[in-house]
file my_file-v9.cif (mmCIF, C-alpha atoms)
data_entry
loop_
_atom_site.label_atom_id
_atom_site.label_comp_id
_atom_site.auth_asym_id
_atom_site.auth_seq_id
_atom_site.Cartn_x
_atom_site.Cartn_y
_atom_site.Cartn_z
CA MET A 550 128.08 70.71 119.24
CA THR A 551 128.79 73.91 121.16
CA LEU A 552 126.87 77.09 120.48
CA PHE A 553 129.95 78.72 118.98
CA THR A 554 130.49 76.00 116.34
CA PHE A 555 126.78 75.78 115.63
CA THR A 556 126.56 79.55 115.07
CA GLY A 557 129.68 79.52 112.90
CA LEU A 558 128.28 76.68 110.79
CA LEU A 559 124.97 78.48 110.44
CA PHE A 560 126.71 81.64 109.28
CA LEU A 561 128.90 79.90 106.70
CA GLY A 562 126.07 77.73 105.38
CA SER A 563 123.79 80.76 105.07
CA LEU A 564 126.53 82.73 103.33
CA PHE A 565 126.82 79.93 100.79
CA ALA A 566 123.03 79.72 100.37
CA GLY A 567 122.88 83.48 99.75
CA LEU A 568 125.74 83.29 97.26
CA LEU A 569 124.18 80.41 95.31
CA GLY A 570 120.77 82.06 95.51
CA ALA A 571 122.15 85.22 93.89
CA LEU A 572 124.02 83.24 91.23
CA THR A 573 121.12 81.08 90.17
CA GLY A 574 118.56 83.84 90.56
CA LEU A 575 116.50 81.61 92.83
CA GLY A 576 117.08 83.63 96.01
CA GLY A 577 118.56 82.56 99.34
CA GLY A 578 115.46 80.97 100.87
CA VAL A 579 115.13 77.94 98.60
CA LEU A 580 118.62 76.74 99.53
CA LEU A 581 118.54 77.87 103.15
CA VAL A 582 115.60 75.72 104.23
CA PRO A 583 117.12 72.42 102.92
CA PHE A 584 120.47 73.39 104.49
CA LEU A 585 118.86 73.96 107.90
CA THR A 586 116.54 70.95 107.86
CA LEU A 587 118.66 68.33 106.06
CA GLY A 588 122.07 69.58 107.18
CA LEU A 589 121.53 70.78 110.72
CA HIS A 590 118.27 68.92 111.55
CA VAL A 591 116.41 72.10 112.44
CA ASP A 592 112.60 71.74 112.64
CA ILE A 593 111.19 72.93 109.29
CA ARG A 594 108.90 75.47 111.02
CA TYR A 595 111.94 77.21 112.55
CA ALA A 596 113.71 77.03 109.20
CA VAL A 597 110.76 78.67 107.41
CA GLY A 598 110.50 81.44 110.04
CA VAL A 599 114.14 82.39 109.87
CA SER A 600 114.19 82.07 106.09
CA LEU A 601 111.41 84.67 105.75
CA ILE A 602 113.58 87.13 107.68
CA SER A 603 116.56 86.60 105.38
CA VAL A 604 114.29 86.89 102.33
CA ILE A 605 113.21 90.37 103.51
CA ALA A 606 116.84 91.34 104.14
CA THR A 607 118.04 90.15 100.72
CA SER A 608 115.21 91.76 98.78
CA SER A 609 115.48 95.11 100.58
CA GLY A 610 119.29 95.10 100.62
CA SER A 611 119.55 94.77 96.85
CA ALA A 612 116.64 97.12 96.05
CA ALA A 613 118.76 100.24 95.54
CA ALA A 614 120.94 98.43 93.00
CA TYR A 615 117.86 97.28 91.07
CA VAL A 616 116.36 100.78 91.08
CA ARG A 617 119.53 102.19 89.56
CA GLU A 618 119.07 99.96 86.50
CA GLY A 619 115.76 101.76 85.84
CA TYR A 620 113.65 98.77 84.84
CA SER A 621 111.39 98.14 87.82
CA SER A 622 107.78 99.33 87.75
CA VAL A 623 106.41 100.58 91.05
CA ARG A 624 102.83 100.37 89.75
CA ILE A 625 102.93 96.77 88.48
CA GLY A 626 104.66 95.85 91.75
CA MET A 627 102.18 97.57 94.03
CA PHE A 628 99.14 96.30 92.12
CA LEU A 629 100.28 92.68 92.25
CA GLU A 630 101.36 92.99 95.90
CA VAL A 631 97.66 93.11 96.78
CA ALA A 632 97.52 89.48 95.61
CA THR A 633 100.88 88.30 97.01
CA THR A 634 100.35 89.73 100.52
CA MET A 635 96.87 88.17 100.79
CA GLY A 636 98.32 84.86 99.58
CA ALA A 637 101.18 85.15 102.09
CA ILE A 638 98.74 85.44 104.99
CA LEU A 639 96.83 82.40 103.77
CA GLY A 640 100.15 80.51 103.45
CA ALA A 641 101.19 81.40 107.01
CA PHE A 642 97.85 80.11 108.33
CA LEU A 643 98.07 76.94 106.22
CA ALA A 644 101.52 76.30 107.75
CA THR A 645 99.85 75.66 111.13
CA VAL A 646 97.51 72.98 109.81
CA ILE A 647 99.86 71.15 107.43
CA HIS A 648 102.02 68.38 108.88
CA THR A 649 105.80 69.11 108.89
CA GLN A 650 106.51 66.03 106.74
CA MET A 651 104.00 67.24 104.18
CA LEU A 652 105.68 70.68 104.29
CA ALA A 653 109.02 69.06 103.44
CA ILE A 654 107.45 67.25 100.46
CA ILE A 655 105.73 70.40 99.15
CA PHE A 656 109.02 72.26 99.59
CA GLY A 657 110.89 69.67 97.53
CA VAL A 658 108.36 69.82 94.68
CA VAL A 659 108.35 73.65 94.62
CA LEU A 660 112.16 73.70 94.72
CA ILE A 661 112.45 71.43 91.67
CA TYR A 662 109.74 73.33 89.80
CA SER A 663 111.40 76.70 90.58
CA ALA A 664 114.74 75.43 89.29
CA PHE A 665 113.03 74.32 86.09
CA LEU A 666 111.25 77.66 85.69
CA THR A 667 114.40 79.71 86.23
CA TRP A 668 116.30 77.59 83.72
CA GLN A 669 113.50 77.90 81.17
CA GLN A 670 113.00 81.64 81.71
CA ALA A 671 116.68 82.34 81.06
CA ARG A 672 116.61 80.27 77.88
CA LYS A 673 113.51 81.16 75.90
CA PRO A 674 112.56 84.81 75.74
CA VAL A 675 108.84 85.50 75.37
CA PRO A 676 107.93 87.03 71.97
CA GLU A 677 107.24 90.73 72.28
CA LEU A 678 103.67 91.78 72.89
CA LYS A 679 102.20 94.06 70.21
CA ILE A 680 98.99 95.24 71.86
CA GLY A 681 98.17 94.52 75.49
CA SER A 682 94.88 94.09 77.27
CA PRO A 683 92.65 97.20 77.59
CA TRP A 684 93.14 96.88 81.38
CA SER A 685 96.83 97.63 80.92
CA ASP A 686 96.15 101.35 80.40
CA LYS A 687 93.08 101.50 82.66
CA LEU A 688 95.05 100.20 85.62
CA LYS A 689 98.10 102.27 84.59
CA LEU A 690 100.25 99.14 84.32
CA SER A 691 101.71 100.19 80.94
CA GLY A 692 105.15 101.69 81.21
CA ASP A 693 108.55 102.11 79.59
CA TYR A 694 112.10 100.97 80.19
CA PRO A 695 115.54 102.12 78.95
CA GLY A 696 116.50 100.55 75.60
CA PRO A 697 120.08 99.81 74.51
CA ASP A 698 120.44 103.19 72.71
CA GLY A 699 119.10 105.26 75.62
CA THR A 700 115.56 105.82 74.29
CA ARG A 701 112.61 104.63 76.37
CA ILE A 702 110.82 101.55 75.04
CA GLN A 703 107.05 101.54 75.71
CA TYR A 704 105.27 98.37 76.82
CA GLN A 705 101.79 97.19 77.70
CA VAL A 706 100.75 94.16 79.70
CA ASP A 707 98.34 91.32 78.98
CA ASN A 708 96.08 88.97 80.98
CA VAL A 709 95.96 90.99 84.21
CA SER A 710 93.54 88.64 86.00
CA GLY A 711 95.66 85.57 85.15
CA GLY A 712 98.80 87.24 86.46
CA PHE A 713 96.99 88.46 89.59
CA SER A 714 95.72 84.95 90.37
CA LEU A 715 99.14 83.35 89.94
CA MET A 716 100.61 86.05 92.19
CA PHE A 717 98.19 84.95 94.90
CA VAL A 718 99.61 81.42 94.56
CA ALA A 719 103.17 82.81 94.68
CA GLY A 720 102.30 84.63 97.91
CA THR A 721 100.79 81.49 99.45
CA LEU A 722 103.94 79.49 98.66
CA SER A 723 106.06 82.28 100.17
CA GLY A 724 104.10 82.31 103.44
CA LEU A 725 103.96 78.53 103.63
CA LEU A 726 107.57 77.70 102.77
CA GLY A 727 109.50 80.85 103.74
CA ILE A 728 110.80 81.44 100.24
CA GLY A 729 110.65 84.57 98.07
CA SER A 730 109.05 82.48 95.28
CA GLY A 731 110.69 84.81 92.76
CA ALA A 732 110.51 82.15 90.05
CA VAL A 733 106.70 81.98 90.24
CA LYS A 734 106.46 85.80 90.40
CA VAL A 735 108.56 86.11 87.24
CA LEU A 736 106.41 83.38 85.63
CA ALA A 737 103.28 85.41 86.34
CA MET A 738 104.71 88.66 84.97
CA ASP A 739 106.97 87.45 82.17
CA ARG A 740 104.99 84.49 80.77
CA ILE A 741 101.39 85.35 81.61
CA MET A 742 101.23 89.15 81.65
CA LYS A 743 103.96 89.48 78.99
CA VAL A 744 105.83 92.11 81.01
CA PRO A 745 109.36 92.54 79.53
CA PHE A 746 111.81 90.14 81.21
CA LYS A 747 114.08 92.74 82.86
CA VAL A 748 111.04 94.62 84.18
CA SER A 749 109.67 91.33 85.57
CA THR A 750 112.84 90.28 87.40
CA THR A 751 113.57 93.68 88.98
CA THR A 752 109.94 94.31 89.96
CA SER A 753 109.76 90.79 91.42
CA ASN A 754 112.67 91.63 93.75
CA PHE A 755 110.69 94.55 95.24
CA MET A 756 107.62 92.41 95.71
CA ILE A 757 109.48 89.61 97.49
CA GLY A 758 110.25 91.80 100.54
CA VAL A 759 106.68 93.06 100.97
CA THR A 760 105.27 89.55 100.49
CA ALA A 761 107.62 88.03 103.09
CA ALA A 762 106.85 90.87 105.54
CA ALA A 763 103.13 89.97 105.37
CA SER A 764 103.74 86.50 106.82
CA ALA A 765 106.91 87.12 108.90
CA GLY A 766 104.87 88.94 111.58
CA ILE A 767 102.63 85.88 111.95
CA TYR A 768 105.68 83.61 112.37
CA LEU A 769 107.12 86.01 114.95
CA HIS A 770 103.94 86.02 117.02
CA ARG A 771 103.85 82.23 116.95
CA GLY A 772 107.36 82.09 118.41
CA LEU A 773 108.80 80.59 115.21
CA ILE A 774 111.63 83.08 114.77
CA ALA A 775 114.37 81.79 117.06
CA PRO A 776 116.90 84.52 117.99
CA GLY A 777 119.80 82.05 118.10
CA LEU A 778 119.09 81.04 114.49
CA ALA A 779 117.99 84.44 113.22
CA TYR A 780 121.19 86.41 113.60
CA PRO A 781 123.79 84.10 111.96
CA VAL A 782 121.34 83.15 109.20
CA MET A 783 120.14 86.66 108.36
CA LEU A 784 123.65 88.15 108.37
CA GLY A 785 125.00 85.17 106.42
CA VAL A 786 122.37 85.14 103.67
CA LEU A 787 122.52 88.93 103.30
CA SER A 788 126.31 89.04 102.92
CA GLY A 789 126.29 86.02 100.61
CA SER A 790 123.69 87.48 98.28
CA LEU A 791 125.34 90.91 98.17
CA ILE A 792 128.72 89.34 97.36
CA GLY A 793 127.08 87.12 94.76
CA ALA A 794 125.29 90.00 93.06
CA ARG A 795 128.29 92.32 93.04
CA TYR A 796 131.34 90.23 92.24
CA LEU A 797 130.16 87.46 89.98
CA ALA A 798 129.64 88.70 86.44
CA ARG A 799 126.62 87.17 84.72
CA ALA A 800 128.65 86.02 81.72
CA HIS A 801 130.84 83.62 83.70
CA VAL A 802 128.10 81.80 85.52
CA SER A 803 126.53 79.79 82.69
CA VAL A 804 128.57 76.67 83.50
CA LEU A 805 128.13 77.15 87.25
CA ARG A 806 124.41 77.57 86.65
CA VAL A 807 124.17 74.04 85.25
CA VAL A 808 126.10 72.62 88.21
CA PHE A 809 123.89 74.46 90.70
CA THR A 810 120.72 73.37 88.94
CA VAL A 811 121.82 69.76 89.51
CA VAL A 812 122.54 70.55 93.18
CA ILE A 813 119.09 72.12 93.54
CA LEU A 814 117.37 69.13 91.92
CA ALA A 815 119.22 66.81 94.33
CA LEU A 816 118.21 68.96 97.31
CA GLY A 817 114.59 68.97 96.17
CA LEU A 818 114.55 65.17 95.87
CA GLU A 819 116.25 64.86 99.26
CA MET A 820 113.54 67.06 100.84
CA ILE A 821 110.80 64.88 99.33
CA VAL A 822 112.54 61.67 100.44
CA SER A 823 113.09 63.02 103.97
CA GLY A 824 109.41 63.91 104.22
CA VAL A 825 108.21 60.54 102.93
CA ALA A 826 110.80 58.50 104.90
CA LYS A 827 109.53 59.73 108.29
CA TRP A 828 106.19 58.03 107.68
CA PHE A 829 107.80 54.61 107.73
CA MET B 251 114.05 114.72 68.75
CA VAL B 252 114.58 117.18 71.58
CA LEU B 253 111.37 118.99 70.63
CA LYS B 254 109.49 115.72 70.71
CA GLU B 255 110.87 115.03 74.17
CA ASN B 256 109.64 118.41 75.40
CA SER B 257 106.16 117.95 74.02
CA ALA B 258 105.76 114.64 75.85
CA LYS B 259 102.36 113.89 77.34
CA PRO B 260 101.71 114.61 81.03
CA GLU B 261 101.84 110.83 81.55
CA HIS B 262 105.60 111.01 81.07
CA GLU B 263 105.86 113.44 83.94
CA ASP B 264 104.13 110.85 86.09
CA ARG B 265 106.68 108.30 85.04
CA PHE B 266 109.46 110.67 85.98
CA ASN B 267 107.92 111.00 89.42
CA ASP B 268 107.61 107.23 89.64
CA ARG B 269 111.32 106.95 88.94
CA ARG B 270 112.19 109.43 91.69
CA MET B 271 109.82 107.62 94.01
CA GLU B 272 111.62 104.35 93.32
CA VAL B 273 115.07 105.86 93.93
CA ILE B 274 113.98 107.15 97.35
CA MET B 275 112.32 103.79 98.08
CA GLY B 276 115.53 101.94 97.25
CA ARG B 277 117.49 104.11 99.68
CA LEU B 278 114.79 103.70 102.34
CA LEU B 279 114.98 99.91 102.04
CA GLN B 280 118.78 99.93 102.14
CA PHE B 281 118.77 102.11 105.25
CA GLY B 282 116.28 99.81 107.01
CA VAL B 283 118.35 96.72 106.26
CA LEU B 284 121.58 98.42 107.32
CA LEU B 285 120.05 99.53 110.62
CA ALA B 286 118.56 96.08 111.27
CA SER B 287 121.90 94.42 110.43
CA PHE B 288 123.77 96.53 112.99
CA VAL B 289 121.23 95.78 115.73
CA MET B 290 121.31 92.10 114.69
CA LEU B 291 125.11 91.97 114.86
CA ALA B 292 125.25 93.66 118.28
CA GLY B 293 122.48 91.42 119.65
CA GLY B 294 124.12 88.34 118.15
CA LEU B 295 127.50 89.00 119.74
CA LEU B 296 125.86 89.56 123.15
CA TYR B 297 123.73 86.43 122.66
CA THR B 298 126.68 84.20 121.81
CA ARG B 299 128.56 85.46 124.88
CA ALA B 300 125.59 84.96 127.22
CA HIS B 301 124.64 81.47 125.97
CA SER B 302 128.11 80.07 125.16
CA ALA B 303 127.76 77.21 127.68
CA GLU B 304 124.51 75.85 126.16
CA THR B 305 124.07 73.15 123.53
CA PRO B 306 121.73 74.37 120.80
CA ASN B 307 118.76 72.18 119.95
CA TYR B 308 116.27 73.18 117.27
CA ARG B 309 115.33 69.64 116.24
CA VAL B 310 111.96 69.78 117.90
CA PHE B 311 109.68 72.75 117.86
CA SER B 312 109.32 74.43 121.25
CA SER B 313 108.00 77.92 120.77
CA GLU B 314 110.06 80.96 121.76
CA PRO B 315 109.41 82.71 125.10
CA GLN B 316 106.08 84.53 125.11
CA ASN B 317 107.60 87.93 125.98
CA LEU B 318 109.76 88.07 122.84
CA ARG B 319 106.90 87.66 120.41
CA HIS B 320 105.46 91.15 120.58
CA LEU B 321 106.73 94.71 120.59
CA GLY B 322 106.01 95.46 124.28
CA GLY B 323 107.94 92.39 125.46
CA VAL B 324 110.86 93.18 123.15
CA ILE B 325 111.11 96.74 124.53
CA ALA B 326 110.98 95.44 128.12
CA GLY B 327 113.70 92.92 127.22
CA ILE B 328 115.93 95.63 125.82
CA LYS B 329 115.55 97.67 129.02
CA ALA B 330 116.69 94.56 130.89
CA ALA B 331 119.65 94.26 128.44
CA GLU B 332 118.48 90.80 127.31
CA PRO B 333 120.54 89.83 124.21
CA ALA B 334 117.67 87.92 122.54
CA ALA B 335 115.51 91.06 122.75
CA PHE B 336 118.02 92.97 120.59
CA ILE B 337 117.83 90.23 117.94
CA GLN B 338 114.02 90.35 117.99
CA LEU B 339 114.19 94.15 117.68
CA ALA B 340 116.29 93.68 114.55
CA VAL B 341 113.66 91.23 113.26
CA LEU B 342 110.92 93.83 113.89
CA LEU B 343 113.00 96.50 112.11
CA LEU B 344 113.38 94.16 109.12
CA ILE B 345 109.64 93.48 108.96
CA ALA B 346 108.97 97.23 109.24
CA THR B 347 111.28 98.04 106.30
CA PRO B 348 109.02 96.86 103.42
CA VAL B 349 106.00 98.21 105.32
CA ALA B 350 107.68 101.64 105.39
CA ARG B 351 108.14 101.36 101.63
CA VAL B 352 104.39 100.85 101.15
CA VAL B 353 103.63 103.81 103.46
CA PHE B 354 106.04 105.92 101.42
CA ALA B 355 104.38 104.83 98.16
CA LEU B 356 100.98 105.77 99.59
CA ILE B 357 102.27 109.29 100.39
CA ALA B 358 103.96 109.62 96.99
CA PHE B 359 100.81 108.59 95.11
CA ALA B 360 98.84 111.06 97.23
CA ILE B 361 101.24 113.82 96.10
CA GLU B 362 100.77 112.65 92.49
CA ARG B 363 96.98 112.72 93.15
CA ASP B 364 96.69 109.22 91.69
CA LYS B 365 93.45 108.01 93.31
CA LEU B 366 93.65 104.51 91.88
CA TYR B 367 97.12 103.88 93.28
CA ILE B 368 96.33 105.55 96.61
CA ALA B 369 93.64 102.86 96.94
CA VAL B 370 96.00 100.08 95.76
CA SER B 371 98.76 101.06 98.24
CA ALA B 372 96.21 101.44 101.03
CA ALA B 373 94.93 97.93 100.30
CA VAL B 374 98.46 96.46 100.48
CA LEU B 375 99.09 98.36 103.73
CA ALA B 376 95.81 97.11 105.19
CA VAL B 377 96.71 93.48 104.40
CA LEU B 378 100.18 93.94 105.95
CA LEU B 379 98.76 95.48 109.13
CA PHE B 380 96.06 92.80 109.32
CA GLY B 381 98.73 90.09 109.12
CA PHE B 382 100.78 91.72 111.84
CA PHE B 383 98.10 92.69 114.36
CA ARG B 384 95.38 90.11 113.77
CA SER B 385 97.75 87.23 114.55
CA GLN B 386 98.73 88.55 118.00
#
call {"tool": "encode", "arguments": {"input": "my_file-v9.cif", "output": "structure tokens"}}
result
Amino acid sequence: MTLFTFTGLLFLGSLFAGLLGALTGLGGGVLLVPFLTLGLHVDIRYAVGVSLISVIATSSGSAAAYVREGYSSVRIGMFLEVATTMGAILGAFLATVIHTQMLAIIFGVVLIYSAFLTWQQARKPVPELKIGSPWSDKLKLSGDYPGPDGTRIQYQVDNVSGGFSLMFVAGTLSGLLGIGSGAVKVLAMDRIMKVPFKVSTTTSNFMIGVTAAASAGIYLHRGLIAPGLAYPVMLGVLSGSLIGARYLARAHVSVLRVVFTVVILALGLEMIVSGVAKWF
Amino acid sequence: MVLKENSAKPEHEDRFNDRRMEVIMGRLLQFGVLLASFVMLAGGLLYTRAHSAETPNYRVFSSEPQNLRHLGGVIAGIKAAEPAAFIQLAVLLLIATPVARVVFALIAFAIERDKLYIAVSAAVLAVLLFGFFRSQ
């Protein structure tokens, strides 16, 4: 394969990964790594490095659009970023000691679990929290968001320590696997801390970029961000996710969502099988 | 209703500031990504032209050249018009974008005189800087 075809393939594949990532709400990274490793036989460490870069680009590129909606909470985000960034650094260090086959297996399991979480989160809304934990006001995590009639709806949060701990895990997965781990971040906020769903998803987007930046520097210094991979992948994922977010109305994607969930499950299994198969 | 709005607690003023802070942050992030994308595109086009005769192989891990892994080497590479150095500069710009957001939040919380969140943002910034410089 010549460099030109390889680069073209990388760009198109990444564009598709970004598009699907935006549609399913899973983010570009979870589809990019299987595409690079299973499809183009790129070493998983290179795939993770370059994926972190596209995760930062996607999260930051769509931030302005999320802000405009007026749901995200800068305080909840910043507070929980203490946990995610520390986790991300641990994840990046763990990546050096874990065997690449084991990485592929962990990736597959996380991919399947993320798909399940995203599907479940979209289906069953969490019952509204009446009174939050006393820490909600003490740590200034309580806030408000715009309701359907224009008035601000007040909210409090619950179980701050539980959410903080799970955020550390989300950060570790991000640094280890090069994914935004948005599904786990939403799980921590939406399910555990009982933050309203729209606040959780938009705040999670902000956090993804900061979390990925914490480990991307470590990958760069280790020589794991290959320039030849970085530019088609980053530009591809970014354009794909922006197109996906802008032109595909949420209402029309429910059928597509089911199809993609099946694709993601298959990819996850394939990652696990590829990891296990190399041992024999 | 309007009267009630006007007699809102000072906490609501904070929230208003938070909202403004977030709008500026969103623009800051967008600008960083746009800038990085342009550098990435320019570097990528140069890179493809310079390496068009090679067959890419990323099957096995062989770490990138030492000089392109840190800021000094990247700057030297750009002076030498090395295409890969432009791509790595774009990567550094991308990594710097969320970091700039945290720095901005730190300043904004300082203006709001919110001691708790000055400390929280400073902690996040410290972890980010530790990750970047400790690993060199």
call {"tool": "closest_residue", "arguments": {"input": "my_file-v9.cif", "among": "A:Ser790, A:His590, A:Leu643, A:Leu552", "to": "B:His301", "atoms": "all atoms listed in the file"}}
result
A:Leu552
call {"tool": "resolve_selection", "arguments": {"input": "my_file-v9.cif", "expression": "the PyMOL selection byres ((chain B and resi 275) around 10)", "output": "list in words"}}
result
Ser609, Ala612, Ala613, Val616, Val623 and Phe755 of chain A; Arg269, Arg270, Met271, Glu272, Val273, Ile274, Gly276, Arg277, Leu278, Leu279, Gln280, Phe281, Pro348, Ala350, Arg351, Val352, Phe354 and Ala355 of chain B
call {"tool": "residues_around", "arguments": {"input": "my_file-v9.cif", "residues": "A:Ser622", "least_positions_apart": "6", "cutoff": "12 Å", "atoms": "all atoms listed in the file", "output": "ChimeraX atom specification"}}
result
/A:615-616,628-629,689-694,704-706,738,744-756 /B:265-273
call {"tool": "interface_residues", "arguments": {"input": "my_file-v9.cif", "of": "chain B", "to": "chain A", "cutoff": "6 Å", "atoms": "only C-alpha atoms", "output": "list in words"}}
result
Val273, Gly276, Arg277, Leu279, Gln280, Val283, Met290, Gly294, Ser302, Thr305, Pro306, Tyr308, Arg309, Val310, Ser313, Glu314, Arg319, Ala334, Ile337, Ile345, Pro348, Val374, Leu378, Gly381, Phe382, Ser385 and Gln386 of chain B
call {"tool": "resolve_selection", "arguments": {"input": "my_file-v9.cif", "expression": "the PyMOL selection byres ((chain B and resi 375) around 9)", "output": "list in words"}}
result
Val631 of chain A; Val349, Val352, Val353, Leu356, Val370, Ser371, Ala372, Ala373, Val374, Ala376, Val377, Leu378, Leu379 and Phe380 of chain B
call {"tool": "write_last_selection", "arguments": {"input": "my_file-v9.cif", "atoms": "C-alpha atoms", "output": "mmCIF file, in the frame of the given file"}}
result
data_model
loop_
_atom_site.group_PDB
_atom_site.id
_atom_site.type_symbol
_atom_site.label_atom_id
_atom_site.label_comp_id
_atom_site.auth_asym_id
_atom_site.auth_seq_id
_atom_site.Cartn_x
_atom_site.Cartn_y
_atom_site.Cartn_z
ATOM 1 C CA VAL A 631 97.660 93.110 96.780
ATOM 2 C CA VAL B 349 106.000 98.210 105.320
ATOM 3 C CA VAL B 352 104.390 100.850 101.150
ATOM 4 C CA VAL B 353 103.630 103.810 103.460
ATOM 5 C CA LEU B 356 100.980 105.770 99.590
ATOM 6 C CA VAL B 370 96.000 100.080 95.760
ATOM 7 C CA SER B 371 98.760 101.060 98.240
ATOM 8 C CA ALA B 372 96.210 101.440 101.030
ATOM 9 C CA ALA B 373 94.930 97.930 100.300
ATOM 10 C CA VAL B 374 98.460 96.460 100.480
ATOM 11 C CA ALA B 376 95.810 97.110 105.190
ATOM 12 C CA VAL B 377 96.710 93.480 104.400
ATOM 13 C CA LEU B 378 100.180 93.940 105.950
ATOM 14 C CA LEU B 379 98.760 95.480 109.130
ATOM 15 C CA PHE B 380 96.060 92.800 109.320
#
call {"tool": "axis_aligned_box", "arguments": {"input": "my_file-v9.cif", "around": "stretch 340-350 of chain B", "padding_each_side": "3 Å", "output": "AutoDock Vina command-line options"}}
result
--center_x 111.1 --center_y 96.4 --center_z 109.0 --size_x 16.3 --size_y 16.4 --size_z 17.1
call {"tool": "closest_residue", "arguments": {"input": "my_file-v9.cif", "among": "A:Phe829, A:Leu559, A:Ala664, A:Leu715", "to": "A:Gly576", "atoms": "only C-alpha atoms"}}
result
A:Ala664
call {"tool": "closest_residue", "arguments": {"input": "my_file-v9.cif", "among": "A:Ala719, A:Val825, A:Met820, A:Leu814", "to": "A:Gly588", "atoms": "all atoms listed in the file"}}
result
A:Met820
call {"tool": "resolve_selection", "arguments": {"input": "my_file-v9.cif", "expression": "the PyMOL selection byres ((chain A and resi 724) around 6)", "output": "PyMOL selection string"}}
result
chain A and resi 637+640-641+721-723+725-727+764
call {"tool": "decode", "arguments": {"input": "my_file-v9.cif", "residues": "stretch 275-308 of chain B", "atoms": "C-alpha atoms", "output": "mmCIF file, in the first residue's frame"}}
result
data_model
loop_
_atom_site.group_PDB
_atom_site.id
_atom_site.type_symbol
_atom_site.label_atom_id
_atom_site.label_comp_id
_atom_site.auth_asym_id
_atom_site.auth_seq_id
_atom_site.Cartn_x
_atom_site.Cartn_y
_atom_site.Cartn_z
ATOM 1 C CA MET B 275 -14.303 29.021 27.268
ATOM 2 C CA GLY B 276 -16.268 27.516 24.390
ATOM 3 C CA ARG B 277 -14.857 30.109 21.987
ATOM 4 C CA LEU B 278 -11.348 29.598 23.368
ATOM 5 C CA LEU B 279 -11.581 25.840 22.765
ATOM 6 C CA GLN B 280 -12.977 26.337 19.266
ATOM 7 C CA PHE B 281 -10.177 28.752 18.400
ATOM 8 C CA GLY B 282 -7.514 26.324 19.658
ATOM 9 C CA VAL B 283 -8.925 23.458 17.612
ATOM 10 C CA LEU B 284 -9.256 25.619 14.501
ATOM 11 C CA LEU B 285 -5.652 26.808 14.801
ATOM 12 C CA ALA B 286 -4.373 23.264 15.409
ATOM 13 C CA SER B 287 -6.400 21.958 12.439
ATOM 14 C CA PHE B 288 -4.839 24.495 10.061
ATOM 15 C CA VAL B 289 -1.302 23.673 11.226
ATOM 16 C CA MET B 290 -2.183 19.957 11.019
ATOM 17 C CA LEU B 291 -3.501 20.298 7.462
ATOM 18 C CA ALA B 292 -0.465 22.277 6.273
ATOM 19 C CA GLY B 293 1.945 19.843 7.955
ATOM 20 C CA GLY B 294 0.019 16.869 6.588
ATOM 21 C CA LEU B 295 0.146 18.069 2.989
ATOM 22 C CA LEU B 296 3.903 18.708 3.265
ATOM 23 C CA TYR B 297 4.380 15.313 4.939
ATOM 24 C CA THR B 298 2.509 13.392 2.245
ATOM 25 C CA ARG B 299 4.568 15.127 -0.458
ATOM 26 C CA ALA B 300 7.886 14.466 1.281
ATOM 27 C CA HIS B 301 7.215 10.794 2.123
ATOM 28 C CA SER B 302 5.162 9.760 -0.936
ATOM 29 C CA ALA B 303 7.697 7.107 -1.992
ATOM 30 C CA GLU B 304 7.612 5.233 1.351
ATOM 31 C CA THR B 305 5.443 2.293 2.366
ATOM 32 C CA PRO B 306 3.806 2.986 5.725
ATOM 33 C CA ASN B 307 4.247 0.387 8.442
ATOM 34 C CA TYR B 308 2.726 0.845 11.893
#
